[in-house]
$ cat work-v5.pdb   # PDB, C-alpha atoms
ATOM      1  CA  MET A 879       9.046  28.236  17.045
ATOM      2  CA  VAL A 880       7.589  25.930  14.417
ATOM      3  CA  THR A 881       3.800  25.701  14.024
ATOM      4  CA  LEU A 882       2.188  22.557  12.661
ATOM      5  CA  GLN A 883      -1.411  22.730  11.438
ATOM      6  CA  PHE A 884      -3.334  19.499  10.997
ATOM      7  CA  VAL A 885      -5.890  19.481   8.189
ATOM      8  CA  PRO A 886      -8.319  16.532   8.280
ATOM      9  CA  TYR A 887      -9.363  15.125   4.904
ATOM     10  CA  THR A 888     -12.974  16.178   5.580
ATOM     11  CA  GLU A 889     -11.838  19.820   5.346
ATOM     12  CA  ILE A 890     -10.723  19.442   1.733
ATOM     13  CA  GLU A 891     -12.947  16.695   0.340
ATOM     14  CA  GLY A 892     -15.723  19.064  -0.728
ATOM     15  CA  LEU A 893     -13.362  21.544  -2.369
ATOM     16  CA  THR A 894     -12.344  21.785  -6.017
ATOM     17  CA  SER A 895      -8.746  20.950  -6.920
ATOM     18  CA  LEU A 896      -7.834  24.618  -6.965
ATOM     19  CA  GLY A 897      -9.681  25.139  -3.679
ATOM     20  CA  ARG A 898      -7.640  22.369  -2.042
ATOM     21  CA  ILE A 899      -4.396  23.817  -3.352
ATOM     22  CA  ARG A 900      -5.328  27.324  -2.221
ATOM     23  CA  LYS A 901      -6.204  26.084   1.259
ATOM     24  CA  LEU A 902      -2.880  24.287   1.732
ATOM     25  CA  LEU A 903      -0.856  27.080   0.203
ATOM     26  CA  ASN A 904      -2.558  29.789   2.263
ATOM     27  CA  ILE A 905      -1.626  27.956   5.465
ATOM     28  CA  ALA A 906       1.965  27.431   4.277
ATOM     29  CA  LYS A 907       2.218  31.123   3.402
ATOM     30  CA  GLN A 908       1.449  31.899   7.067
ATOM     31  CA  ASN A 909       4.746  30.107   7.848
ATOM     32  CA  LYS A 910       2.929  27.052   9.216
ATOM     33  CA  ILE A 911       3.712  23.457   8.320
ATOM     34  CA  VAL A 912       0.619  21.692   6.986
ATOM     35  CA  LEU A 913      -0.041  18.087   7.949
ATOM     36  CA  LEU A 914      -2.813  16.926   5.659
ATOM     37  CA  GLN A 915      -4.611  13.673   6.345
ATOM     38  CA  GLY A 916      -4.508  11.779   3.063
ATOM     39  CA  ARG A 917      -3.173  12.841  -0.310
ATOM     40  CA  LEU A 918      -3.818  15.083  -3.232
ATOM     41  CA  SER A 919      -4.075  13.451  -6.648
ATOM     42  CA  LYS A 920      -0.894  13.412  -8.759
ATOM     43  CA  GLU A 921      -2.384  16.089 -11.018
ATOM     44  CA  GLU A 922      -3.173  18.220  -7.961
ATOM     45  CA  GLU A 923       0.402  17.804  -6.720
ATOM     46  CA  ALA A 924       1.709  19.128 -10.050
ATOM     47  CA  GLU A 925      -0.828  21.951  -9.909
ATOM     48  CA  LEU A 926       0.314  22.766  -6.362
ATOM     49  CA  ILE A 927       3.885  23.171  -7.654
ATOM     50  CA  LYS A 928       2.623  25.327 -10.531
ATOM     51  CA  VAL A 929       0.557  27.626  -8.299
ATOM     52  CA  THR A 930       3.459  27.822  -5.820
ATOM     53  CA  MET A 931       5.748  29.016  -8.620
ATOM     54  CA  GLU A 932       3.227  31.678  -9.598
ATOM     55  CA  GLU A 933       3.338  33.034  -6.051
ATOM     56  CA  ILE A 934       7.093  33.091  -5.432
ATOM     57  CA  SER A 935       8.107  36.464  -4.053
ATOM     58  CA  LYS A 936      10.747  38.040  -1.864
ATOM     59  CA  GLU A 937       8.874  36.789   1.207
ATOM     60  CA  PHE A 938       7.634  33.448  -0.114
ATOM     61  CA  LYS A 939      10.361  31.191  -1.528
ATOM     62  CA  GLY A 940       8.208  28.159  -2.195
ATOM     63  CA  ILE A 941       7.430  24.954  -0.367
ATOM     64  CA  GLU A 942       8.850  21.626   0.682
ATOM     65  CA  LEU A 943       6.450  18.813  -0.124
ATOM     66  CA  ALA A 944       6.344  15.181   0.962
ATOM     67  CA  VAL A 945       3.702  12.487   0.763
ATOM     68  CA  ILE A 946       3.945   9.273   2.709
ATOM     69  CA  ASN A 947       1.689   6.274   2.274
ATOM     70  CA  PRO A 948       3.272   3.198   3.859
ATOM     71  CA  THR A 949       0.357   0.827   3.192
ATOM     72  CA  GLU A 950       0.448   1.362  -0.597
ATOM     73  CA  SER A 951       3.793  -0.397  -1.168
ATOM     74  CA  GLN A 952       2.720  -3.414   0.897
ATOM     75  CA  LEU A 953      -0.434  -4.186  -1.051
ATOM     76  CA  THR A 954      -0.820  -7.159  -3.369
ATOM     77  CA  GLY A 955      -2.694  -7.060  -6.725
ATOM     78  CA  VAL A 956      -6.241  -7.682  -5.430
ATOM     79  CA  GLN A 957      -5.717  -5.455  -2.390
ATOM     80  CA  LYS A 958      -4.441  -2.674  -4.657
ATOM     81  CA  PHE A 959      -7.585  -2.953  -6.771
ATOM     82  CA  LYS A 960      -9.801  -2.825  -3.661
ATOM     83  CA  HIS A 961      -7.864   0.171  -2.378
ATOM     84  CA  SER A 962      -8.166   2.100  -5.633
ATOM     85  CA  MET A 963     -11.933   1.408  -5.618
ATOM     86  CA  PHE A 964     -12.253   2.744  -2.051
ATOM     87  CA  SER A 965     -10.125   5.767  -3.002
ATOM     88  CA  MET A 966     -12.387   6.507  -5.963
ATOM     89  CA  ILE A 967     -15.462   6.479  -3.726
ATOM     90  CA  LEU A 968     -14.128   7.917  -0.482
ATOM     91  CA  GLY A 969     -11.170   9.988  -1.683
ATOM     92  CA  GLN A 970      -7.484   9.517  -0.986
ATOM     93  CA  ARG A 971      -7.672   9.563   2.804
ATOM     94  CA  GLU A 972      -4.745   7.291   3.451
ATOM     95  CA  GLY A 973      -1.237   8.512   4.081
ATOM     96  CA  LEU A 974      -0.035  11.925   5.104
ATOM     97  CA  THR A 975       0.943  14.989   3.086
ATOM     98  CA  ILE A 976       3.356  17.550   4.461
ATOM     99  CA  VAL A 977       3.545  21.015   2.958
ATOM    100  CA  GLY A 978       6.080  23.291   4.607
ATOM    101  CA  PRO A 979       7.082  26.822   3.655
ATOM    102  CA  ALA A 980      10.644  26.761   2.266
ATOM    103  CA  ASN A 981      11.815  29.487   4.646
ATOM    104  CA  VAL A 982      10.841  27.284   7.630
ATOM    105  CA  VAL A 983      11.477  23.771   6.287
ATOM    106  CA  LYS A 984      14.973  23.369   4.902
ATOM    107  CA  SER A 985      14.473  19.883   3.516
ATOM    108  CA  ILE A 986      12.395  16.743   3.898
ATOM    109  CA  LYS A 987      14.062  13.356   3.617
ATOM    110  CA  LYS A 988      11.912  10.370   3.152
ATOM    111  CA  ASP A 989      11.938   6.683   2.507
ATOM    112  CA  PRO A 990       8.737   4.694   1.991
ATOM    113  CA  ASN A 991       7.978   4.492   5.725
ATOM    114  CA  LYS A 992       9.658   7.469   7.338
ATOM    115  CA  ILE A 993       9.831  11.235   6.986
ATOM    116  CA  GLU A 994      12.584  13.419   8.421
ATOM    117  CA  LEU A 995      11.914  17.103   8.446
ATOM    118  CA  PHE A 996      14.797  19.560   8.770
ATOM    119  CA  THR A 997      13.870  23.095   9.751
ATOM    120  CA  SER A 998      15.875  26.239   9.065
ATOM    121  CA  GLU A 999      17.409  27.846  12.106
ATOM    122  CA  ARG A1000      16.674  31.500  12.419
ATOM    123  CA  ARG A1001      19.557  33.591  13.706
ATOM    124  CA  LYS A1002      18.806  36.004  16.510
ATOM    125  CA  LYS A1003      19.648  39.581  15.572
TER     126      LYS A1003
ATOM    127  CA  MET B1168     -13.913  12.351 -14.351
ATOM    128  CA  ILE B1169     -12.318  14.677 -16.935
ATOM    129  CA  ASN B1170      -9.054  12.788 -16.513
ATOM    130  CA  LEU B1171     -10.826   9.491 -17.142
ATOM    131  CA  PHE B1172     -12.115  10.889 -20.454
ATOM    132  CA  LYS B1173      -8.642  12.239 -21.298
ATOM    133  CA  LYS B1174      -7.120   8.794 -20.625
ATOM    134  CA  PHE B1175      -9.803   7.098 -22.710
ATOM    135  CA  PHE B1176      -9.309   9.380 -25.696
ATOM    136  CA  SER B1177      -5.506   9.326 -25.401
ATOM    137  CA  ILE B1178      -5.664   5.632 -26.361
ATOM    138  CA  PHE B1179      -7.148   6.626 -29.718
ATOM    139  CA  LYS B1180      -5.023   9.753 -30.134
ATOM    140  CA  PHE B1181      -3.305   9.715 -33.508
ATOM    141  CA  LYS B1182       0.007  11.434 -33.928
ATOM    142  CA  SER B1183       2.155  11.607 -36.972
ATOM    143  CA  LYS B1184       5.328   9.612 -36.386
ATOM    144  CA  LYS B1185       7.282  12.685 -37.455
ATOM    145  CA  ASN B1186       5.886  14.731 -34.573
ATOM    146  CA  VAL B1187       6.622  12.380 -31.690
ATOM    147  CA  LYS B1188       7.754  14.490 -28.753
ATOM    148  CA  LEU B1189      10.329  12.960 -26.424
ATOM    149  CA  GLY B1190      10.596  15.034 -23.267
ATOM    150  CA  LEU B1191      13.458  15.200 -20.816
ATOM    151  CA  TYR B1192      12.087  15.835 -17.336
ATOM    152  CA  GLY B1193      13.596  15.814 -13.878
ATOM    153  CA  PRO B1194      14.730  17.939 -10.958
ATOM    154  CA  PRO B1195      17.256  20.772 -11.477
ATOM    155  CA  ASN B1196      20.871  19.786 -12.120
ATOM    156  CA  SER B1197      20.098  16.130 -12.800
ATOM    157  CA  GLY B1198      21.740  16.362 -16.238
ATOM    158  CA  LYS B1199      18.801  16.777 -18.635
ATOM    159  CA  SER B1200      20.617  19.287 -20.842
ATOM    160  CA  THR B1201      23.832  17.241 -20.724
ATOM    161  CA  LEU B1202      21.841  14.246 -21.978
ATOM    162  CA  ALA B1203      20.094  16.406 -24.608
ATOM    163  CA  ASN B1204      23.507  17.569 -25.807
ATOM    164  CA  LYS B1205      24.848  13.998 -25.899
ATOM    165  CA  ILE B1206      21.870  12.823 -27.993
ATOM    166  CA  CYS B1207      22.190  15.794 -30.360
ATOM    167  CA  LEU B1208      25.973  15.419 -30.651
ATOM    168  CA  ASP B1209      25.658  11.698 -31.404
ATOM    169  CA  TRP B1210      22.946  12.071 -34.052
ATOM    170  CA  LEU B1211      23.087  15.656 -35.340
ATOM    171  CA  GLY B1212      26.705  16.549 -34.665
ATOM    172  CA  GLN B1213      25.779  19.669 -32.701
ATOM    173  CA  GLU B1214      24.841  20.539 -29.117
ATOM    174  CA  MET B1215      21.392  21.715 -28.069
ATOM    175  CA  SER B1216      21.534  23.423 -24.668
ATOM    176  CA  THR B1217      23.893  25.316 -22.397
ATOM    177  CA  VAL B1218      24.985  23.408 -19.303
ATOM    178  CA  SER B1219      26.269  24.731 -16.008
ATOM    179  CA  PRO B1220      26.944  23.496 -12.465
ATOM    180  CA  VAL B1221      24.536  26.220 -11.253
ATOM    181  CA  ALA B1222      20.991  24.858 -10.974
ATOM    182  CA  HIS B1223      18.231  26.186 -13.280
ATOM    183  CA  GLU B1224      20.583  26.878 -16.191
ATOM    184  CA  THR B1225      17.775  25.756 -18.526
ATOM    185  CA  ARG B1226      14.918  28.141 -17.829
ATOM    186  CA  GLU B1227      13.039  27.823 -21.101
ATOM    187  CA  ILE B1228      11.689  24.816 -22.970
ATOM    188  CA  GLN B1229      14.125  23.917 -25.767
ATOM    189  CA  VAL B1230      13.050  21.819 -28.726
ATOM    190  CA  LYS B1231      15.303  20.135 -31.262
ATOM    191  CA  GLU B1232      13.242  18.833 -34.131
ATOM    192  CA  GLN B1233      13.637  15.788 -36.329
ATOM    193  CA  ILE B1234      16.262  13.769 -34.512
ATOM    194  CA  SER B1235      16.697  10.423 -36.182
ATOM    195  CA  ILE B1236      18.466   7.637 -34.322
ATOM    196  CA  LYS B1237      19.278   4.198 -35.675
ATOM    197  CA  SER B1238      19.519   0.852 -33.923
ATOM    198  CA  LYS B1239      22.157  -1.793 -34.608
ATOM    199  CA  ASP B1240      19.594  -3.867 -36.503
ATOM    200  CA  GLY B1241      18.746  -0.964 -38.818
ATOM    201  CA  LYS B1242      15.548   0.367 -37.196
ATOM    202  CA  GLU B1243      15.015   4.107 -37.205
ATOM    203  CA  LEU B1244      13.419   6.314 -34.577
ATOM    204  CA  LEU B1245      12.393   9.875 -35.388
ATOM    205  CA  PHE B1246      11.433  12.351 -32.689
ATOM    206  CA  ASN B1247      11.478  15.955 -31.526
ATOM    207  CA  LEU B1248      13.571  16.277 -28.387
ATOM    208  CA  VAL B1249      12.177  18.578 -25.699
ATOM    209  CA  ASP B1250      14.602  19.697 -22.988
ATOM    210  CA  THR B1251      12.656  21.146 -20.053
ATOM    211  CA  PRO B1252      13.647  23.307 -17.061
ATOM    212  CA  GLY B1253      14.228  21.333 -13.869
ATOM    213  CA  ILE B1254      11.122  21.032 -11.717
ATOM    214  CA  ALA B1255      11.462  22.273  -8.144
ATOM    215  CA  THR B1256       9.099  23.313  -5.365
ATOM    216  CA  LYS B1257      11.124  26.314  -4.259
ATOM    217  CA  ILE B1258      13.224  29.039  -5.862
ATOM    218  CA  ASP B1259      15.373  31.423  -3.857
ATOM    219  CA  TYR B1260      17.347  34.078  -5.705
ATOM    220  CA  GLU B1261      19.846  34.014  -2.838
ATOM    221  CA  ASP B1262      20.957  30.574  -4.056
ATOM    222  CA  PHE B1263      22.069  32.251  -7.295
ATOM    223  CA  LEU B1264      23.868  34.940  -5.268
ATOM    224  CA  LYS B1265      25.755  32.180  -3.416
ATOM    225  CA  ALA B1266      26.832  30.824  -6.821
ATOM    226  CA  GLY B1267      28.477  34.184  -7.511
ATOM    227  CA  ILE B1268      25.803  35.667  -9.757
ATOM    228  CA  PRO B1269      25.232  39.432  -9.242
ATOM    229  CA  GLU B1270      21.964  40.427  -7.541
ATOM    230  CA  PRO B1271      20.023  41.889 -10.507
ATOM    231  CA  GLU B1272      20.907  38.843 -12.635
ATOM    232  CA  ALA B1273      20.111  36.479  -9.715
ATOM    233  CA  LYS B1274      16.638  38.007  -9.327
ATOM    234  CA  LYS B1275      16.041  37.797 -13.065
ATOM    235  CA  ARG B1276      17.144  34.146 -13.119
ATOM    236  CA  ALA B1277      14.858  33.295 -10.194
ATOM    237  CA  LYS B1278      11.896  34.837 -12.007
ATOM    238  CA  GLU B1279      12.738  33.004 -15.234
ATOM    239  CA  ALA B1280      13.215  29.737 -13.319
ATOM    240  CA  THR B1281       9.712  29.944 -11.792
ATOM    241  CA  LYS B1282       8.226  30.555 -15.238
ATOM    242  CA  GLY B1283      10.274  27.676 -16.636
ATOM    243  CA  ILE B1284       8.842  25.278 -14.038
ATOM    244  CA  ILE B1285       5.283  26.393 -14.833
ATOM    245  CA  ASP B1286       5.942  25.829 -18.549
ATOM    246  CA  ALA B1287       7.511  22.408 -17.947
ATOM    247  CA  ILE B1288       4.399  21.291 -16.045
ATOM    248  CA  LYS B1289       2.085  22.708 -18.729
ATOM    249  CA  TRP B1290       4.031  20.796 -21.416
ATOM    250  CA  LEU B1291       3.477  17.439 -19.682
ATOM    251  CA  ASP B1292       0.261  17.000 -21.679
ATOM    252  CA  GLU B1293       2.135  17.530 -24.952
ATOM    253  CA  MET B1294       4.601  14.671 -24.491
ATOM    254  CA  ASP B1295       4.391  11.308 -26.230
ATOM    255  CA  SER B1296       7.216   9.722 -24.243
ATOM    256  CA  VAL B1297       9.416  10.992 -21.460
ATOM    257  CA  VAL B1298      12.886  10.272 -20.158
ATOM    258  CA  VAL B1299      12.969  11.181 -16.484
ATOM    259  CA  VAL B1300      16.556  12.129 -15.753
ATOM    260  CA  LEU B1301      17.488  11.597 -12.104
ATOM    261  CA  ASP B1302      20.759  12.308 -10.374
ATOM    262  CA  ALA B1303      21.806   8.866  -9.112
ATOM    263  CA  THR B1304      23.864  10.459  -6.326
ATOM    264  CA  GLN B1305      20.735  12.020  -4.802
ATOM    265  CA  ASP B1306      17.792  10.630  -2.810
ATOM    266  CA  PRO B1307      15.438   9.100  -5.404
ATOM    267  CA  TYR B1308      12.414   9.385  -3.092
ATOM    268  CA  SER B1309      12.225  13.172  -3.438
ATOM    269  CA  GLN B1310       8.634  14.274  -3.909
ATOM    270  CA  VAL B1311       9.455  16.083  -7.155
ATOM    271  CA  ASN B1312      10.600  12.779  -8.706
ATOM    272  CA  ILE B1313       7.493  10.974  -7.466
ATOM    273  CA  THR B1314       5.166  13.769  -8.622
ATOM    274  CA  ILE B1315       6.703  13.888 -12.120
ATOM    275  CA  ILE B1316       6.578  10.111 -12.579
ATOM    276  CA  GLY B1317       3.083   9.884 -11.065
ATOM    277  CA  ASN B1318       1.802  12.554 -13.445
ATOM    278  CA  LEU B1319       3.259  10.746 -16.451
ATOM    279  CA  ALA B1320       1.646   7.499 -15.288
ATOM    280  CA  ALA B1321      -1.692   9.296 -14.813
ATOM    281  CA  ARG B1322      -1.458  10.511 -18.423
ATOM    282  CA  ASN B1323      -0.405   7.063 -19.768
ATOM    283  CA  ILE B1324       2.853   8.498 -21.122
ATOM    284  CA  PRO B1325       5.616   5.886 -21.548
ATOM    285  CA  VAL B1326       8.548   6.558 -19.215
ATOM    286  CA  ILE B1327      12.219   5.628 -19.135
ATOM    287  CA  ILE B1328      14.253   6.571 -16.096
ATOM    288  CA  ALA B1329      17.826   7.628 -16.817
ATOM    289  CA  ALA B1330      19.774   7.369 -13.561
ATOM    290  CA  ASN B1331      22.468   9.851 -14.469
ATOM    291  CA  LYS B1332      25.944  10.526 -13.054
ATOM    292  CA  VAL B1333      26.790   6.836 -12.481
ATOM    293  CA  ASP B1334      30.425   7.808 -13.062
ATOM    294  CA  LEU B1335      30.406   9.373  -9.582
ATOM    295  CA  LYS B1336      31.300   7.296  -6.502
ATOM    296  CA  LYS B1337      28.211   8.390  -4.566
ATOM    297  CA  ALA B1338      25.854   7.184  -7.310
ATOM    298  CA  SER B1339      23.554   4.284  -6.462
ATOM    299  CA  LEU B1340      21.644   2.701  -9.316
ATOM    300  CA  LYS B1341      20.205   0.166  -6.857
ATOM    301  CA  LYS B1342      18.497   2.900  -4.842
ATOM    302  CA  VAL B1343      16.827   4.290  -7.982
ATOM    303  CA  GLN B1344      15.751   0.776  -8.994
ATOM    304  CA  ALA B1345      14.331   0.146  -5.512
ATOM    305  CA  ALA B1346      12.376   3.413  -5.626
ATOM    306  CA  PHE B1347      10.843   2.841  -9.078
ATOM    307  CA  PRO B1348      10.740  -0.931  -9.685
ATOM    308  CA  GLN B1349       7.937  -0.726 -12.265
ATOM    309  CA  TYR B1350       9.904   1.402 -14.780
ATOM    310  CA  PRO B1351      12.788   0.638 -17.147
ATOM    311  CA  ILE B1352      15.896   2.227 -15.642
ATOM    312  CA  VAL B1353      19.232   2.766 -17.365
ATOM    313  CA  GLY B1354      22.248   3.915 -15.381
ATOM    314  CA  ILE B1355      24.128   6.423 -17.529
ATOM    315  CA  SER B1356      26.738   9.110 -17.459
ATOM    316  CA  ALA B1357      25.509  11.681 -19.974
ATOM    317  CA  LYS B1358      28.713  13.650 -19.483
ATOM    318  CA  TYR B1359      31.052  10.783 -20.396
ATOM    319  CA  GLY B1360      28.683   8.754 -22.582
ATOM    320  CA  LYS B1361      28.726   5.726 -20.263
ATOM    321  CA  ASN B1362      25.979   3.174 -21.129
ATOM    322  CA  ILE B1363      24.575   5.519 -23.769
ATOM    323  CA  GLU B1364      24.149   2.635 -26.240
ATOM    324  CA  GLN B1365      22.062   0.816 -23.635
ATOM    325  CA  PHE B1366      20.014   3.991 -23.254
ATOM    326  CA  TYR B1367      19.348   4.199 -27.013
ATOM    327  CA  GLU B1368      18.321   0.526 -27.039
ATOM    328  CA  GLN B1369      15.824   1.275 -24.279
ATOM    329  CA  LEU B1370      14.444   4.193 -26.309
ATOM    330  CA  PHE B1371      13.699   1.753 -29.143
ATOM    331  CA  LYS B1372      12.031  -0.670 -26.725
ATOM    332  CA  THR B1373       9.871   1.983 -25.071
ATOM    333  CA  ILE B1374       8.922   4.352 -27.902
ATOM    334  CA  GLY B1375      10.088   2.561 -31.024
TER     335      GLY B1375
END

$ encode --input "work-v5.pdb" --output "structure tokens"
Amino acid sequence: MVTLQFVPYTEIEGLTSLGRIRKLLNIAKQNKIVLLQGRLSKEEEAELIKVTMEEISKEFKGIELAVINPTESQLTGVQKFKHSMFSMILGQREGLTIVGPANVVKSIKKDPNKIELFTSERRKK
Amino acid sequence: MINLFKKFFSIFKFKSKKNVKLGLYGPPNSGKSTLANKICLDWLGQEMSTVSPVAHETREIQVKEQISIKSKDGKELLFNLVDTPGIATKIDYEDFLKAGIPEPEAKKRAKEATKGIIDAIKWLDEMDSVVVVLDATQDPYSQVNITIIGNLAARNIPVIIAANKVDLKKASLKKVQAAFPQYPIVGISAKYGKNIEQFYEQLFKTIG
């Protein structure tokens, strides 16, 4: 069975960067797939990879990560400017971030508008 | 806010031309070390890194200092080349076992690979320019590619994308161009030297 946990943006907006990363990673380490409303910043994404690497163990092999934001690619110059202003004030609420534990999520394929998530099959003993 | 200050001051950052750091970044097995070796062979007459079909062969940052390349019109570019471990979001020592590496060595490699990724991310701030080496036979929309390029953009670091392995049938330069239309992209084969002159010309345009 695969468990998906939805995390609304309001749950992370008050947290520090490290707090956000810890929250997402702690859920993923419980073998749940995180569906986060919105996005982390690019720096936070890199930090998420860094912290993940620090925590690799026999039980935790890492994560699969994907961010989708279909509206971003369709925006024109002025709209992009407006969007970045809103993001600065309200946070990056648009789009969806998926963080899956690597032992549950085998791979994530994505194009700008679609995400395909492939899970690992567990063999019955 | 701190990043805004960093960006602001990076505009005024002064670096000696002799200490320009050109980083090679990308996912594992995209051909960063093969490209590093090609550059070093062409301009220094010696290789820089060990290459292997097994991912995460480069697990430590490698630096080759004072590489001087020359353009056809006589311009010179001097830089320190930084070959970095491939950035990934997961490391499983069992993948090394599948590649025929014995268990103790596989575990050691996995540990070194995780440290290498941490170091590669830490070194992002040190780079003056970066060549993102992508495997043109693979999906360019992978989050690792987007995160690396996004982080370089956030730090105002000039980027060239080298779409490597264009000698292979499965390679699609068009897909890479469609994924990153705002960046200069050169389709190369680091292994066979295909389009390498074009790549050097782009280096002059971007960091020269």

$ resolve_selection --input "work-v5.pdb" --expression "the PyMOL selection byres ((chain A) within 7 of (chain B))" --output "list of chain:residue names"
A:Lys920, A:Glu921, A:Glu923, A:Ala924, A:Ile927, A:Lys928, A:Met931, A:Lys939, A:Gly940, A:Ile941, A:Glu942, A:Leu943, A:Ala944, A:Ala980, A:Lys988, A:Asp989

$ atom_distance --input "work-v5.pdb" --atom1 "atom CA of Tyr1359 of chain B" --atom2 "atom CA of Asn1186 of chain B"
29.2 Å

$ closest_residue --input "work-v5.pdb" --among "A:Ile911, A:Leu896, A:Val977, A:Ala906" --to "Thr881 of chain A" --atoms "only C-alpha atoms"
A:Ile911

$ closest_residue --input "work-v5.pdb" --among "B:Gly1360, B:Gly1198, B:Gly1190, B:Pro1220" --to "Val1249 of chain B" --atoms "only C-alpha atoms"
B:Gly1190

$ atom_distance --input "work-v5.pdb" --atom1 "atom CA of Thr1304 of chain B" --atom2 "atom CA of Pro1325 of chain B"
24.2 Å

$ resolve_selection --input "work-v5.pdb" --expression "the PyMOL selection byres ((chain A and resi 908) around 12)" --output "list of chain:residue names"
A:Val880, A:Thr881, A:Leu882, A:Gln883, A:Lys901, A:Leu902, A:Leu903, A:Asn904, A:Ile905, A:Ala906, A:Lys907, A:Asn909, A:Lys910, A:Ile911, A:Val912, A:Glu937, A:Phe938, A:Ile941, A:Val977, A:Gly978, A:Pro979, A:Ala980, A:Asn981, A:Val982

$ residues_around --input "work-v5.pdb" --residues "Leu1335 of chain B" --least-positions-apart "2" --cutoff "9 Å" --atoms "all atoms listed in the file" --output "list in words"
Ala1303, Thr1304, Lys1332, Val1333, Lys1337, Ala1338 and Ser1356 of chain B

$ residues_around --input "work-v5.pdb" --residues "Gly973 of chain A" --least-positions-apart "6" --cutoff "7 Å" --atoms "all atoms listed in the file" --output "PDB file with C-alpha atoms, in the coordinates of the input"
ATOM      1  CA  GLN A 915      -4.611  13.673   6.345  1.00  0.00           C
ATOM      2  CA  GLY A 916      -4.508  11.779   3.063  1.00  0.00           C
ATOM      3  CA  ARG A 917      -3.173  12.841  -0.310  1.00  0.00           C
ATOM      4  CA  ILE A 946       3.945   9.273   2.709  1.00  0.00           C
ATOM      5  CA  ASN A 947       1.689   6.274   2.274  1.00  0.00           C
ATOM      6  CA  PRO A 948       3.272   3.198   3.859  1.00  0.00           C
TER       7      PRO A 948
END

$ atom_distance --input "work-v5.pdb" --atom1 "atom CA of Lys1237 of chain B" --atom2 "atom CA of Lys1205 of chain B"
14.9 Å

$ axis_aligned_box --input "work-v5.pdb" --around "segment 976-988 of chain A" --padding-each-side "3 Å" --output "AutoDock Vina command-line options"
--center_x 9.2 --center_y 19.9 --center_z 4.9 --size_x 17.6 --size_y 25.1 --size_z 11.4

$ closest_residue --input "work-v5.pdb" --among "B:Asp1334, B:Trp1290, B:Lys1265, B:Ser1235" --to "Lys1358 of chain B" --atoms "only C-alpha atoms"
B:Asp1334

$ residues_near_point --input "work-v5.pdb" --point "(17.6, 1.2, -15.1)" --cutoff "8 Å" --atoms "only C-alpha atoms" --output "list in words"
Ile1328, Ala1329, Ala1330, Leu1340, Val1343, Gln1344, Tyr1350, Pro1351, Ile1352, Val1353 and Gly1354 of chain B

$ resolve_selection --input "work-v5.pdb" --expression "the PyMOL selection byres ((chain B and resi 1201) around 10)" --output "list in words"
Asn1196, Ser1197, Gly1198, Lys1199, Ser1200, Leu1202, Ala1203, Asn1204, Lys1205, Ile1206, Cys1207, Glu1214, Met1215, Ser1216, Thr1217, Val1218, Ser1219, Asp1250, Asn1331, Ser1356, Ala1357, Lys1358, Tyr1359 and Gly1360 of chain B

$ closest_residue --input "work-v5.pdb" --among "B:Arg1276, B:Pro1269, B:Asn1247, B:Leu1208" --to "Glu1227 of chain B" --atoms "all atoms listed in the file"
B:Arg1276
